Structure formats: structure tokens, C-alpha cells
$ cat upload.tsv   # TSV, C-alpha atoms
chain	number	residue	atom	x	y	z
D	1	MET	CA	49.87	59.62	175.37
D	2	GLY	CA	51.15	61.07	172.09
D	3	ILE	CA	49.35	61.00	168.75
D	4	LEU	CA	51.89	58.49	167.37
D	5	GLN	CA	51.89	56.20	170.38
D	6	GLY	CA	53.02	52.75	169.25
D	7	LYS	CA	53.54	53.82	165.62
D	8	ARG	CA	56.58	52.61	163.68
D	9	ILE	CA	58.06	55.30	161.45
D	10	LEU	CA	60.87	55.46	158.88
D	11	VAL	CA	62.29	58.94	158.26
D	12	ALA	CA	64.38	58.70	155.09
D	13	GLY	CA	67.02	61.28	154.30
D	14	VAL	CA	68.17	62.65	157.67
D	15	THR	CA	71.59	64.30	157.41
D	16	MET	CA	71.88	67.22	159.83
D	17	ASP	CA	70.14	68.07	163.10
D	18	SER	CA	69.03	71.34	161.45
D	19	SER	CA	66.99	69.46	158.83
D	20	ILE	CA	63.23	69.04	158.69
D	21	GLY	CA	63.76	65.27	158.68
D	22	PHE	CA	65.57	65.41	162.01
D	23	ALA	CA	62.83	67.60	163.47
D	24	VAL	CA	60.25	65.08	162.25
D	25	ALA	CA	62.15	62.19	163.87
D	26	ARG	CA	62.40	64.12	167.14
D	27	THR	CA	58.75	65.16	167.17
D	28	ALA	CA	57.59	61.66	166.21
D	29	GLN	CA	59.50	60.21	169.16
D	30	GLU	CA	58.06	62.83	171.47
D	31	GLU	CA	54.62	61.73	170.28
D	32	GLY	CA	55.30	58.10	171.11
D	33	ALA	CA	56.65	56.62	167.85
D	34	ARG	CA	59.47	54.16	167.35
D	35	VAL	CA	61.67	55.77	164.68
D	36	VAL	CA	64.32	54.53	162.26
D	37	ILE	CA	66.26	57.04	160.14
D	38	SER	CA	68.29	56.53	156.98
D	39	ASN	CA	71.03	57.95	154.81
D	40	PHE	CA	73.89	56.60	152.68
D	41	GLY	CA	77.43	57.10	151.51
D	42	ARG	CA	79.65	59.67	153.18
D	43	ALA	CA	76.66	61.25	154.94
D	44	LEU	CA	75.87	58.00	156.74
D	45	GLY	CA	78.51	58.64	159.39
D	46	ILE	CA	77.03	62.07	160.13
D	47	THR	CA	73.57	60.57	160.42
D	48	ARG	CA	74.78	57.95	162.87
D	49	ARG	CA	76.32	60.67	165.05
D	50	ILE	CA	73.26	62.91	165.12
D	51	ALA	CA	70.97	59.93	165.82
D	52	GLY	CA	72.24	60.19	169.38
D	53	ARG	CA	70.88	63.73	169.67
D	54	LEU	CA	67.31	62.54	169.39
D	55	PRO	CA	65.26	62.03	172.59
D	56	GLU	CA	65.99	58.32	172.11
D	57	GLU	CA	68.86	57.24	169.88
D	58	ALA	CA	67.32	55.97	166.65
D	59	PRO	CA	68.61	53.04	164.60
D	60	VAL	CA	70.14	54.09	161.28
D	61	VAL	CA	69.83	52.06	158.09
D	62	GLU	CA	71.75	52.64	154.87
D	63	LEU	CA	69.46	53.57	151.98
D	64	ASP	CA	70.30	55.14	148.64
D	65	VAL	CA	66.91	55.58	146.95
D	66	THR	CA	68.56	55.41	143.51
D	67	ASP	CA	70.11	52.00	144.24
D	68	GLU	CA	67.87	49.04	143.37
D	69	ASP	CA	69.81	46.73	145.69
D	70	HIS	CA	69.32	49.09	148.62
D	71	LEU	CA	65.60	49.37	147.86
D	72	ALA	CA	65.21	45.59	147.60
D	73	ALA	CA	67.00	45.12	150.92
D	74	LEU	CA	65.00	47.79	152.77
D	75	PRO	CA	62.34	45.49	154.30
D	76	ASP	CA	65.02	43.20	155.72
D	77	ARG	CA	67.11	46.10	157.03
D	78	LEU	CA	64.08	47.66	158.69
D	79	GLY	CA	63.02	44.25	159.98
D	80	GLU	CA	66.11	44.23	162.20
D	81	HIS	CA	64.56	47.09	164.18
D	82	LEU	CA	60.80	47.13	163.51
D	83	ASP	CA	58.17	44.46	162.90
D	84	GLY	CA	56.33	46.65	160.37
D	85	LEU	CA	55.74	50.25	159.37
D	86	ASP	CA	52.90	52.65	160.09
D	87	GLY	CA	54.51	55.62	158.36
D	88	VAL	CA	57.21	56.66	155.93
D	89	VAL	CA	58.65	60.16	155.63
D	90	HIS	CA	60.37	61.19	152.38
D	91	SER	CA	62.85	63.94	153.26
D	92	ILE	CA	65.05	63.56	150.20
D	93	ALA	CA	66.05	65.99	147.45
D	94	TYR	CA	69.15	66.83	145.44
D	95	GLY	CA	70.07	68.99	142.49
D	96	ASN	CA	73.64	69.87	141.53
D	97	PRO	CA	73.93	73.51	142.67
D	98	GLU	CA	76.60	74.18	140.06
D	99	THR	CA	74.40	73.23	137.09
D	100	THR	CA	70.69	72.93	137.96
D	101	LEU	CA	70.14	75.80	140.42
D	102	GLY	CA	70.94	79.47	140.86
D	103	GLY	CA	69.78	80.80	137.49
D	104	LYS	CA	71.09	78.01	135.27
D	105	PHE	CA	67.74	76.71	134.04
D	106	LEU	CA	68.54	77.18	130.34
D	107	THR	CA	71.99	75.62	130.49
D	108	ALA	CA	71.53	72.63	132.82
D	109	PRO	CA	72.67	69.39	131.11
D	110	TRP	CA	70.26	66.47	130.94
D	111	PRO	CA	72.31	64.06	133.08
D	112	ASP	CA	72.20	66.54	135.98
D	113	VAL	CA	68.50	67.26	135.41
D	114	ALA	CA	67.78	63.53	135.28
D	115	GLN	CA	69.60	63.05	138.58
D	116	ALA	CA	67.57	65.83	140.21
D	117	LEU	CA	64.32	64.32	138.97
D	118	GLN	CA	65.22	60.81	140.09
D	119	VAL	CA	66.44	61.76	143.55
D	120	SER	CA	63.85	64.43	144.29
D	121	ALA	CA	60.68	63.09	142.61
D	122	PHE	CA	60.86	59.51	141.34
D	123	SER	CA	62.35	58.45	144.66
D	124	LEU	CA	59.00	59.03	146.38
D	125	LYS	CA	57.62	56.16	144.32
D	126	SER	CA	60.78	54.09	144.82
D	127	LEU	CA	60.79	54.52	148.59
D	128	THR	CA	57.06	53.90	148.92
D	129	ALA	CA	57.14	50.78	146.75
D	130	ALA	CA	60.12	49.40	148.68
D	131	SER	CA	58.26	50.00	151.96
D	132	LEU	CA	54.96	48.45	150.83
D	133	PRO	CA	55.67	44.96	152.21
D	134	LEU	CA	55.78	46.51	155.69
D	135	LEU	CA	52.87	48.95	155.32
D	136	SER	CA	49.38	47.95	156.37
D	137	SER	CA	45.97	49.58	155.96
D	138	GLY	CA	45.91	52.87	157.84
D	139	SER	CA	49.55	53.66	157.10
D	140	SER	CA	50.72	57.08	155.95
D	141	VAL	CA	53.41	58.31	153.57
D	142	VAL	CA	54.41	61.96	153.89
D	143	GLY	CA	56.86	63.89	151.69
D	144	LEU	CA	58.31	67.39	151.85
D	145	THR	CA	57.95	69.89	149.04
D	146	PHE	CA	58.39	73.59	148.27
D	147	ASP	CA	55.37	75.07	146.52
D	148	ALA	CA	55.77	74.14	142.84
D	149	THR	CA	52.75	76.02	141.47
D	150	VAL	CA	54.91	79.00	140.46
D	151	ALA	CA	58.50	79.67	139.33
D	152	TRP	CA	60.83	80.85	142.09
D	153	PRO	CA	64.11	82.78	141.82
D	154	ALA	CA	67.13	80.48	141.79
D	155	TYR	CA	65.11	77.26	142.26
D	156	ASP	CA	65.16	76.29	138.58
D	157	TRP	CA	65.21	72.51	137.98
D	158	MET	CA	64.55	71.74	141.61
D	159	GLY	CA	61.24	73.53	141.13
D	160	VAL	CA	60.50	71.22	138.21
D	161	ALA	CA	61.49	68.24	140.36
D	162	LYS	CA	59.15	69.39	143.14
D	163	ALA	CA	56.33	69.69	140.61
D	164	GLY	CA	57.07	66.10	139.66
D	165	LEU	CA	57.10	65.11	143.34
D	166	GLU	CA	53.68	66.69	143.86
D	167	SER	CA	52.23	64.89	140.86
D	168	CYS	CA	53.86	61.64	141.95
D	169	ALA	CA	52.19	61.94	145.36
D	170	ARG	CA	48.77	62.30	143.73
D	171	TYR	CA	49.24	59.18	141.61
D	172	LEU	CA	50.55	57.23	144.59
D	173	ALA	CA	47.48	58.36	146.55
D	174	ARG	CA	45.31	57.03	143.71
D	175	ASP	CA	47.01	53.65	143.51
D	176	LEU	CA	47.54	53.05	147.23
D	177	GLY	CA	44.17	54.28	148.45
D	178	PRO	CA	42.56	50.86	147.92
D	179	ARG	CA	45.23	49.42	150.22
D	180	GLY	CA	44.34	51.94	152.90
D	181	VAL	CA	47.65	53.82	152.53
D	182	ARG	CA	47.51	57.63	152.54
D	183	VAL	CA	50.04	59.80	150.66
D	184	ASN	CA	50.38	63.51	151.40
D	185	LEU	CA	52.94	66.31	151.22
D	186	VAL	CA	53.90	69.22	153.44
D	187	ALA	CA	54.96	72.41	151.64
D	188	ALA	CA	57.15	74.37	154.03
D	189	GLY	CA	58.33	77.91	153.59
D	190	PRO	CA	62.06	78.60	153.14
D	191	LEU	CA	64.15	77.19	155.98
D	192	LYS	CA	67.86	77.47	156.66
D	193	THR	CA	68.57	73.81	156.12
D	194	LEU	CA	71.68	72.29	154.57
D	195	ALA	CA	69.77	71.83	151.30
D	196	ALA	CA	68.69	75.47	151.19
D	197	LYS	CA	72.21	76.73	151.85
D	198	ALA	CA	73.37	74.85	148.75
D	199	ILE	CA	71.04	76.83	146.48
D	200	PRO	CA	72.72	80.01	145.14
D	201	GLY	CA	70.43	82.99	145.67
D	202	PHE	CA	67.89	81.14	147.82
D	203	ASP	CA	68.45	83.58	150.69
D	204	GLY	CA	66.50	86.15	148.69
D	205	LEU	CA	63.27	84.28	149.40
D	206	GLU	CA	63.53	84.84	153.14
D	207	SER	CA	62.77	88.56	152.99
D	208	MET	CA	59.72	87.85	150.81
D	209	TRP	CA	58.30	85.57	153.50
D	210	SER	CA	59.03	87.90	156.41
D	211	ASP	CA	57.31	90.76	154.55
D	212	ARG	CA	54.21	88.92	153.31
D	213	ALA	CA	53.42	85.88	155.44
D	214	PRO	CA	50.37	86.83	157.57
D	215	LEU	CA	51.57	84.74	160.52
D	216	GLY	CA	55.18	85.74	160.03
D	217	TRP	CA	57.92	83.24	159.26
D	218	ASP	CA	61.00	82.05	161.14
D	219	GLU	CA	63.41	80.45	158.66
D	220	GLN	CA	65.33	78.88	161.56
D	221	ASP	CA	62.35	77.00	163.03
D	222	THR	CA	61.69	73.54	161.56
D	223	THR	CA	59.18	72.62	164.27
D	224	PRO	CA	55.97	73.82	162.52
D	225	ALA	CA	56.75	71.73	159.42
D	226	ALA	CA	57.70	68.73	161.56
D	227	ARG	CA	54.45	68.93	163.52
D	228	ALA	CA	52.45	68.99	160.30
D	229	VAL	CA	54.24	65.87	159.07
D	230	VAL	CA	53.59	64.12	162.38
D	231	ALA	CA	49.93	65.11	162.27
D	232	LEU	CA	49.61	63.55	158.80
D	233	LEU	CA	51.37	60.40	160.05
D	234	SER	CA	48.83	60.10	162.85
D	235	ASP	CA	45.28	58.75	162.77
D	236	PHE	CA	43.87	62.29	162.89
D	237	PHE	CA	43.59	62.47	159.07
D	238	PRO	CA	42.05	59.10	158.17
D	239	ALA	CA	40.32	60.34	155.01
D	240	THR	CA	42.97	62.76	153.69
D	241	THR	CA	45.21	61.70	150.80
D	242	GLY	CA	46.72	63.35	147.74
D	243	GLU	CA	46.86	66.61	149.70
D	244	ILE	CA	49.51	69.32	150.03
D	245	VAL	CA	49.46	71.02	153.43
D	246	HIS	CA	51.13	74.42	153.39
D	247	VAL	CA	53.19	75.33	156.43
D	248	ASP	CA	54.48	78.72	155.36
D	249	GLY	CA	52.88	81.31	157.61
D	250	GLY	CA	50.10	81.77	155.03
D	251	TYR	CA	52.39	83.16	152.34
D	252	HIS	CA	50.92	80.92	149.61
D	253	ALA	CA	47.45	82.45	150.08
D	254	GLN	CA	48.54	86.05	149.48
D	255	GLY	CA	48.55	88.11	146.29
D	256	ALA	CA	50.94	90.91	145.43
$ encode --input "upload.tsv" --output "C-alpha cells"
Amino acid sequence: MGILQGKRILVAGVTMDSSIGFAVARTAQEEGARVVISNFGRALGITRRIAGRLPEEAPVVELDVTDEDHLAALPDRLGEHLDGLDGVVHSIAYGNPETTLGGKFLTAPWPDVAQALQVSAFSLKSLTAASLPLLSSGSSVVGLTFDATVAWPAYDWMGVAKAGLESCARYLARDLGPRGVRVNLVAAGPLKTLAAKAIPGFDGLESMWSDRAPLGWDEQDTTPAARAVVALLSDFFPATTGEIVHVDGGYHAQGA
């Protein structure tokens, strides 16, 4: 019996089978969960195709976390497949690579910065609030971040957005704790996902990890991050909330 046996999980923001979100959906199913995945717009067709590559084909719902109508309709859309939720995974981020990333911190225009902040940080609150009618005591919300305690090469406004995401998770943990809902984040090291490939200069981080991570680091392997997310979705962390779990080979704990 898996650690998510009988759990009902929404993984929001699954686009490619190389993504952390896809790995989470796969691992959650392997651990006994019933999983629904989401995306929107032109990417929705891709998500529907890769849903069939999971151990069990997962239902796909359309969800744009910046669209109030989509958010309001989420409980009904999920209700077509699940009778409630035990966990929500936020695997969503976006910053225009032409203006907000790759060394353009000083020149990024506010509309593009605002979009990055809304999609990558504020959406954790939006998604969680939209899911609340289906969440009961003991439920878990887990998001994905990239360590925002320092400034990284090329990451620019996405780094600011991740700092906002991390703060948002702490405030959600504060406000949802009385309802018995936990909110945590997993900070993964650099992975060769679709999102990472869109960041100019992000490849330079990979050599830093391979040189300094005590456990080593495989930028192709999304499984360690996915397992951490699944562990936080499970009942194995009943008193843990507002936490950031690093899954980076130990890089974050090292000095120069």
C-alpha cells in the first residue's frame, strides 16, 4: 500500500512529461493516489496527450490561474472526477524570457514583471483559495520553488517572484493552519525542464551544482523532487507547515 493510498490530488500546471509536475503525478499514482492534472490554452492539448503516459491516464481540467472564471469553476470541474481533495500541487511559473530573465533585471517593464508575479507567486493563493471548498482537515498544499534567499545569474525577476511565492506559502500556512491544511514548498536544484530551457543563461547553474552539491546532482532526474512533494502530500508530515524542503543534493548548505 502506497503512502497516498486513497488520496485525491490535483497537480496544477503539467505541460511536458519532463516536468516536475508530471513526475509528481506519476509518483502520486504509484503511491496509490487518484490524480487530476490541469493546464490551459494552447498547452492544454499537449497535457491531454501526455496524460496517457502516466501509469493510469489522468483526467485533465482546464485551469488558467489568472482567470477568475476558471478559478470559480474549479470545484465543479474537479467534482466531475473527484468527490473532494486531499492535496494540491502548484507547479506553475512564468516570466517572459525576453524581458524579465537573462540579465534584464534593470530594464524589465512593469507589465511583464506584474505578469511574472501573478502567475508565479500570487497564483499559489489563487489556486489554494479556489480549492478550499474541496479541502478538508489534514489536506496538504505543496508548491515548487527555486531557492530565493540569494540572487542567481540570469534568474532576475523570476527570483523575485519565487521570493514572493515563498512568503505567500508562509502566510497561507498561517491562515489555513486552523483549518488543518498544511502548506509547504519544495526547492529543487536546477533541472532540465521546459521552464528552465526558456531562461537564457540558466545552463550555467548546472556546473555549479555538479561541482558543489555533496550528494551530486543530476539535472535530468525529476524523481527526487517528485518524491519530496509526494511525501509532503502524505500523512507522514502531520505537523509540518510553512516549510521549504530543499531537494538539491545539499548545495544550499554549502559555503564557497
$ closest_atom_pairs --input "upload.tsv" --of "segment 123-198 of chain D" --to "segment 102-119 of chain D" --cutoff "9 Å" --atoms "all atoms listed in the file" --output "CSV"
residue,atom,partner,partner_atom,distance
D:Ser123,CA,D:Val119,CA,5.4
D:Leu124,CA,D:Val119,CA,8.4
D:Pro153,CA,D:Gly103,CA,7.4
D:Ala154,CA,D:Gly102,CA,4.0
D:Tyr155,CA,D:Gly102,CA,6.4
D:Asp156,CA,D:Phe105,CA,5.2
D:Trp157,CA,D:Phe105,CA,6.3
D:Met158,CA,D:Ala116,CA,6.8
D:Val160,CA,D:Leu117,CA,7.9
D:Ala161,CA,D:Leu117,CA,5.0
D:Lys162,CA,D:Leu117,CA,8.4
D:Gly164,CA,D:Leu117,CA,7.5
D:Leu165,CA,D:Leu117,CA,8.5
$ closest_residue --input "upload.tsv" --among "D:Leu215, D:Gln29, D:Leu10, D:Gln254" --to "Thr128 of chain D" --atoms "all atoms listed in the file"
D:Leu10
$ atom_distance --input "upload.tsv" --atom1 "atom CA of Arg53 of chain D" --atom2 "atom CA of Gly249 of chain D"
27.9 Å
$ residues_around --input "upload.tsv" --residues "Arg26 of chain D" --least-positions-apart "2" --cutoff "9 Å" --atoms "all atoms listed in the file" --output "PDB file with C-alpha atoms, keeping the file's coordinate frame"
ATOM      1  CA  GLY D  21      63.760  65.270 158.680  1.00  0.00           C
ATOM      2  CA  PHE D  22      65.570  65.410 162.010  1.00  0.00           C
ATOM      3  CA  ALA D  23      62.830  67.600 163.470  1.00  0.00           C
ATOM      4  CA  VAL D  24      60.250  65.080 162.250  1.00  0.00           C
ATOM      5  CA  ALA D  28      57.590  61.660 166.210  1.00  0.00           C
ATOM      6  CA  GLN D  29      59.500  60.210 169.160  1.00  0.00           C
ATOM      7  CA  GLU D  30      58.060  62.830 171.470  1.00  0.00           C
ATOM      8  CA  GLU D  31      54.620  61.730 170.280  1.00  0.00           C
ATOM      9  CA  VAL D  35      61.670  55.770 164.680  1.00  0.00           C
ATOM     10  CA  ARG D  53      70.880  63.730 169.670  1.00  0.00           C
ATOM     11  CA  LEU D  54      67.310  62.540 169.390  1.00  0.00           C
ATOM     12  CA  PRO D  55      65.260  62.030 172.590  1.00  0.00           C
ATOM     13  CA  GLU D  56      65.990  58.320 172.110  1.00  0.00           C
ATOM     14  CA  ALA D 226      57.700  68.730 161.560  1.00  0.00           C
TER      15      ALA D 226
END
$ closest_atom_pairs --input "upload.tsv" --of "segment 83-156 of chain D" --to "segment 176-194 of chain D" --cutoff "6 Å" --atoms "all atoms listed in the file" --output "Markdown table"
| residue | atom | partner | partner_atom | distance |
| --- | --- | --- | --- | --- |
| D:Ser137 | CA | D:Gly180 | CA | 4.2 |
| D:Gly138 | CA | D:Gly180 | CA | 5.3 |
| D:Ser139 | CA | D:Val181 | CA | 5.0 |
| D:Ser140 | CA | D:Arg182 | CA | 4.7 |
| D:Val141 | CA | D:Val183 | CA | 4.7 |
| D:Val142 | CA | D:Asn184 | CA | 5.0 |
| D:Gly143 | CA | D:Leu185 | CA | 4.6 |
| D:Leu144 | CA | D:Val186 | CA | 5.0 |
| D:Thr145 | CA | D:Ala187 | CA | 4.7 |
| D:Phe146 | CA | D:Ala187 | CA | 5.0 |
| D:Asp147 | CA | D:Ala187 | CA | 5.8 |
$ closest_atom_pairs --input "upload.tsv" --of "segment 120-224 of chain D" --to "segment 58-77 of chain D" --cutoff "12 Å" --atoms "all atoms listed in the file" --output "CSV"
residue,atom,partner,partner_atom,distance
D:Ser120,CA,D:Val65,CA,9.7
D:Ala121,CA,D:Val65,CA,10.7
D:Phe122,CA,D:Thr66,CA,9.0
D:Ser123,CA,D:Val65,CA,5.9
D:Leu124,CA,D:Val65,CA,8.6
D:Lys125,CA,D:Val65,CA,9.7
D:Ser126,CA,D:Val65,CA,6.7
D:Leu127,CA,D:Val65,CA,6.4
D:Thr128,CA,D:Leu71,CA,9.7
D:Ala129,CA,D:Leu71,CA,8.6
D:Ala130,CA,D:Leu71,CA,5.5
D:Ser131,CA,D:Pro75,CA,6.5
D:Leu132,CA,D:Pro75,CA,8.7
D:Pro133,CA,D:Pro75,CA,7.0
D:Leu134,CA,D:Pro75,CA,6.8
D:Leu135,CA,D:Pro75,CA,10.1
$ closest_residue --input "upload.tsv" --among "D:Gly13, D:Gly41, D:Gly52, D:Gly87" --to "Ala231 of chain D" --atoms "only C-alpha atoms"
D:Gly87
$ closest_residue --input "upload.tsv" --among "D:Arg170, D:Ser38, D:Pro224, D:Leu232" --to "Val247 of chain D" --atoms "all atoms listed in the file"
D:Pro224
